[in-house]
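Trainee: Okay, here's the structure, questions in a sec.
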Amino acid sequence: MDVQKLTPFDYLWLTLFCTLLFGICLVSGRPLSIHEAVLPQTSRIMLADGDLVIPKTGQAPWLESPPLPQWITVALAFPFGACDSLLVARLGNVLMATFIVLMTASIGGRLLGRTAGLLSGLILATMCEFTKYAWLAEDEIYLCFIITCVVFCFVSMEFSETSTRLKSSLRPLTLAHTVVGFFTGRPWKMVLFFVLLGMTNLCKGLLFGMVLALIPCVSFIVLQRRWVRLQPYLWTWGVLLTIGIAIAWPYASYLRYPDVLDVWMFDLGGRMDGKYAAINQPLWYYPLNLLWMLAPWTFVIPAAFYLTARNAWQDSRSPERFLWCWALLVPLVLSIPQGKHHHYMLHALAPWAILGSLGSIAAYRFILNWPAWLKHPAWSLLSIATPACLAIVLFWDKLPGPESISYGLLVAIPVIAFVLAYAIVRCQPTIAVGTVFTVVAGRYIFGHLYAGSYLDKNRLDAWFCQSITQHYTSANQPTPVLLDLGFQTHRAFLCQFYLPDNVTPLHNLSFLKSDHINSSEAYVLSLSGKQEELEQYGEVEIKTQISTGAGGKPTTHDRLTLYHIRFPETIERIATDDLRISPMQGMNRAEGPILR
């Protein structure tokens, strides 16, 4: 039975694998998505104005989520002096994803042994949903990191390293389960557990991360039905420490913006009762979406549940029981609210990866037991290469990009399929594993580069803003460039990121009356349907316009458009230094303020 610990070289190889797979987003040049632009742009403003409490968009507060991701991004950007490059914007998510993989491997190794631990890390790194968010500069991966840290501490206290895969009667109690009082001291791991639990409230929605972190821990202990297992966690100072860390930022935000409660009630309450209708989903949403989120490892998961069912059911203290609690109860609880989104499950992919390690081992052994004629690598040309090549031929005219890519794929796919099959059935297990994950990682990297060059819906917006930067925002350009933030909020974030600091953001077009504008003319970046509204403030001319609307769709009403406006001498300027923009207005969830 494999009970060896992961070695430093194991962690080194996993780190190198993650660096190559996740790090491609740092050098690919693929533009930010509209949702991805929020974190780096708010971090850019935070770095510039030094306000570490309130993230902003323009001069308005952006209090959708706590700012721990912004703090980390600012810290990473500080040596560079700015947060206006893709490398700085995405460096944090690459680091967070790599740490998550390493912790998952460590958890898998502690629970199931070295081989399963290594496979757990590799499988998580190459799960469709996880790889996607490892590439994105979004705050989901930061919350996933904190939640995984909490569970990592819990596992290190609940399962001793010598107890892996042993019967519960032979598993010694860890220090966490000595009889202790409500006020007595605790091991440093438990102190760290409570600190990290409080920090979950510094990412994403309030209380959301705390609930996700506690589901596997609390359920695993409660289902044992033994008071002594729960008692060490009922620590007064630990609970107070968690509460203090959890409420620090919300309280600081409330002192400056008491009406921030409206945002939190809209986000949290709306997701629970269905009033936030944009993300309402049916009860079966998570089970259905897990099929693609776990890809390409979905097919090995049933074998893992079959192999672990007996221990999970009969032994309440087994690693298998804990993995089942983590993997199954999180989507079960998340299915209760009407508001659902696939990225909520990002924070609970780790147990599926650990279970997938057992399923992949079982699948490998099953393939090795096939008859010799069925294991011949040539079968891969028929079962894998032929359908893939046929799909390319059928969709030849619909594939974007030069035909050389399609021809290259027709050559590469059969070769890769044959090599993959040969490595699995004819080579040593280490070579087989290395080949499989090299092929999977290569496929992800190719897809990332291909999509960034030919499929990405945001590349035209990024290119348009960069062209404005090149032609209209030079240091000696006397005419100011203004950006209307009142349209498609997240798309405005994308424009902000790709425009230089000397572009002035406007909360909405009525701010053309602001006394901050002291020029007789200006360029205004807004949407194509805004010309009539702009004409209320002066003489308007369209200078340049993008060819498509939001998401690359061929519409005419929401194309990014650069206007030139000449203000009349009689325009009334309104002081805006003391003007207050509420949190709901800052997120364009409430109208105003309007300058009149």
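By convention in this document, the chains of the structure tokens carry letters A, B, ... by their order, each chain's residues are numbered from 1, and ligands are numbered from 1 in the order they are shown.
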Do a neighbour search on stretch 203-215 of chain A at 8 Å with only C-alpha atoms, toss out local chain neighbours closer than 3 positions, and write the hits as a list in words.

Mentor: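 These residues fall inside the cut-off: Glu64, Ser65, Pro66, Pro67, Leu68, Pro69, Asp139, Glu140, Tyr142, Leu143, Ile147, Thr148, Val150, Val151, Leu197, Gly198, Met199, Thr200, Val218, Ser219, Trp264, Asp267, Leu268, Cys325, Trp326, Leu329, Val330 and His347 of chain A.
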
Trainee: What residues in stretch 79-176 of chain A get the DSSP label alpha helix (DSSP H)? Please answer as a PyMOL selection string.

Mentor: chain A and resi 86-112+114-125+128-135+140-158

Trainee: Please identify which residues in stretch 3-123 of chain A DSSP calls strand (DSSP E) from the backbone, and express them as a list in words.

Mentor: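 The strand (DSSP E) subset of stretch 3-123 of chain A is Lys56, Thr57, Ala60 and Pro61 of chain A.
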
Trainee: Taking 2 positions as the minimum chain separation for residues in the same chain, which residues sit within 10 Å of stretch 3-20 of chain A when counting only C-alpha atoms? Answer as a CSV table (one decimal) with C-alpha atoms, in the first residue's frame.

Mentor:
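File part_24.csv, as written:
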chain,number,residue,atom,x,y,z
A,1,MET,CA,0.0,0.0,0.0
A,22,PHE,CA,-0.9,28.3,-16.2
A,23,GLY,CA,1.9,30.7,-17.1
A,24,ILE,CA,1.0,30.7,-20.8
A,25,CYS,CA,-1.5,33.4,-20.0
A,94,VAL,CA,-1.1,31.9,-11.8
A,95,LEU,CA,0.5,31.9,-8.3
A,97,ALA,CA,-3.7,28.3,-8.9
A,98,THR,CA,-0.2,26.8,-8.4
A,99,PHE,CA,-0.5,26.9,-4.6
A,101,VAL,CA,-2.5,22.4,-6.9
A,102,LEU,CA,0.3,21.9,-4.5
A,103,MET,CA,-2.0,21.8,-1.5
A,105,ALA,CA,-1.5,17.1,-4.0
A,106,SER,CA,-0.4,17.3,-0.3
A,108,GLY,CA,-4.3,13.7,-1.5
A,109,GLY,CA,-0.9,12.3,-0.5
A,110,ARG,CA,-1.7,12.5,3.2
A,111,LEU,CA,-5.1,10.8,2.7
A,112,LEU,CA,-4.3,8.2,0.0
A,113,GLY,CA,-0.5,8.1,-0.5
A,114,ARG,CA,2.2,9.6,-2.7
A,115,THR,CA,0.9,8.2,-6.1
A,116,ALA,CA,-2.6,9.4,-5.5
A,117,GLY,CA,-1.3,12.8,-4.2
A,118,LEU,CA,0.8,13.4,-7.4
A,119,LEU,CA,-2.1,12.4,-9.6
A,121,GLY,CA,-2.4,17.7,-8.3
A,122,LEU,CA,-2.0,16.9,-12.0
A,125,ALA,CA,-4.4,21.4,-12.8
A,126,THR,CA,-5.9,19.9,-16.0
A,131,THR,CA,-7.5,25.6,-15.9
A,134,ALA,CA,-6.1,29.7,-13.4
A,161,GLU,CA,0.7,11.2,8.3
A,162,THR,CA,1.1,7.7,9.6
A,163,SER,CA,-2.6,6.9,9.5
A,164,THR,CA,-3.1,7.1,5.8
A,165,ARG,CA,-5.5,4.4,4.5
A,166,LEU,CA,-5.5,2.5,7.9
A,437,PHE,CA,-0.5,14.9,-18.9
A,438,THR,CA,1.8,16.4,-21.5
A,441,ALA,CA,-1.5,20.3,-21.1
A,442,GLY,CA,-0.5,20.7,-24.8
A,445,ILE,CA,-2.1,25.6,-24.4

Trainee: Could you name the residues that touch stretch 233-242 of chain A at 6 Å or less, counting only C-alpha atoms, but leaving out those on the same chain fewer than 2 positions away, as a list in words?

Mentor: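 Selected residues are Phe182, Phe183, Phe194, Val195, Gly198, Leu230, Gln231, Gly244, Ile245 and Ala246 of chain A.
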
Trainee: For atom CA of A:Val88 and atom CA of A:Thr561, quote the distance in Å rounded to one decimal.

Mentor: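 Computing it gives 28.2 Å between the two atoms.
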
Trainee: Atom CA of A:Ile141 and atom CA of A:Thr57 are how many Å apart?

Mentor: 21.5 Å

Trainee: With stretch 531-548 of chain A as the partner and 8 Å as the cut-off, tabulate the residues of stretch 381-489 of chain A that qualify, each row holding the nearest pair of atoms and their distance in Å to one decimal, using only C-alpha atoms, sorted by chain and rising number, as a Markdown table.

Mentor:
| residue | atom | partner | partner_atom | distance |
| --- | --- | --- | --- | --- |
| A:Leu460 | CA | A:Ile546 | CA | 7.6 |
| A:Asp461 | CA | A:Ile546 | CA | 7.6 |
| A:Phe464 | CA | A:Ile546 | CA | 6.6 |

Trainee: Need the shell around A:Gly359: protein/DNA/RNA residues with any atom at most 10 Å away, counting only C-alpha atoms. Skip same-chain ones fewer than 2 positions apart. Format as an MDAnalysis selection string?

Mentor: chainID A and resid 116 297:308 353:357 361:365

Trainee: Restricting the output to C-alpha atoms, write the selected residues as a PDB file, in the first residue's frame.

Mentor:
ATOM      1  CA  ALA A 116      -2.604   9.438  -5.481  1.00  0.00           C
ATOM      2  CA  TRP A 297     -11.464  13.257 -16.070  1.00  0.00           C
ATOM      3  CA  THR A 298     -15.229  12.933 -15.760  1.00  0.00           C
ATOM      4  CA  PHE A 299     -15.226   9.332 -16.974  1.00  0.00           C
ATOM      5  CA  VAL A 300     -12.944   8.061 -14.147  1.00  0.00           C
ATOM      6  CA  ILE A 301     -15.011   9.532 -11.287  1.00  0.00           C
ATOM      7  CA  PRO A 302     -17.655   6.745 -11.134  1.00  0.00           C
ATOM      8  CA  ALA A 303     -14.906   4.169 -10.597  1.00  0.00           C
ATOM      9  CA  ALA A 304     -13.552   6.257  -7.717  1.00  0.00           C
ATOM     10  CA  PHE A 305     -16.930   6.373  -5.974  1.00  0.00           C
ATOM     11  CA  TYR A 306     -17.323   2.626  -6.431  1.00  0.00           C
ATOM     12  CA  LEU A 307     -13.896   1.942  -4.931  1.00  0.00           C
ATOM     13  CA  THR A 308     -14.404   4.216  -1.936  1.00  0.00           C
ATOM     14  CA  ALA A 353      -9.471  15.531  -8.316  1.00  0.00           C
ATOM     15  CA  ILE A 354      -8.349  13.394  -5.360  1.00  0.00           C
ATOM     16  CA  LEU A 355     -11.109  10.886  -6.036  1.00  0.00           C
ATOM     17  CA  GLY A 356     -10.203  11.074  -9.717  1.00  0.00           C
ATOM     18  CA  SER A 357      -6.691   9.899  -8.865  1.00  0.00           C
ATOM     19  CA  ILE A 361      -5.405   4.296 -11.403  1.00  0.00           C
ATOM     20  CA  ALA A 362      -8.311   1.879 -11.710  1.00  0.00           C
ATOM     21  CA  ALA A 363      -8.844   2.855 -15.366  1.00  0.00           C
ATOM     22  CA  TYR A 364      -5.135   2.344 -16.110  1.00  0.00           C
ATOM     23  CA  ARG A 365      -5.153  -1.133 -14.574  1.00  0.00           C
TER      24      ARG A 365
END

Trainee: Write out as a ChimeraX atom specification each polymer residue whose atoms come within 6 Å of stretch 35-49 of chain A, counting only C-alpha atoms; drop sequence neighbours fewer than 3 positions from it.

Mentor: /A:32,55-56,70,74,83,89,137-138,490,493-494,497

Trainee: Between atom CA of A:Pro377 and atom CA of A:Leu410, what is the distance in Å, rounded to a tenth?

Mentor: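 So the two atoms, atom CA of A:Pro377 and atom CA of A:Leu410, lie 18.1 Å apart.
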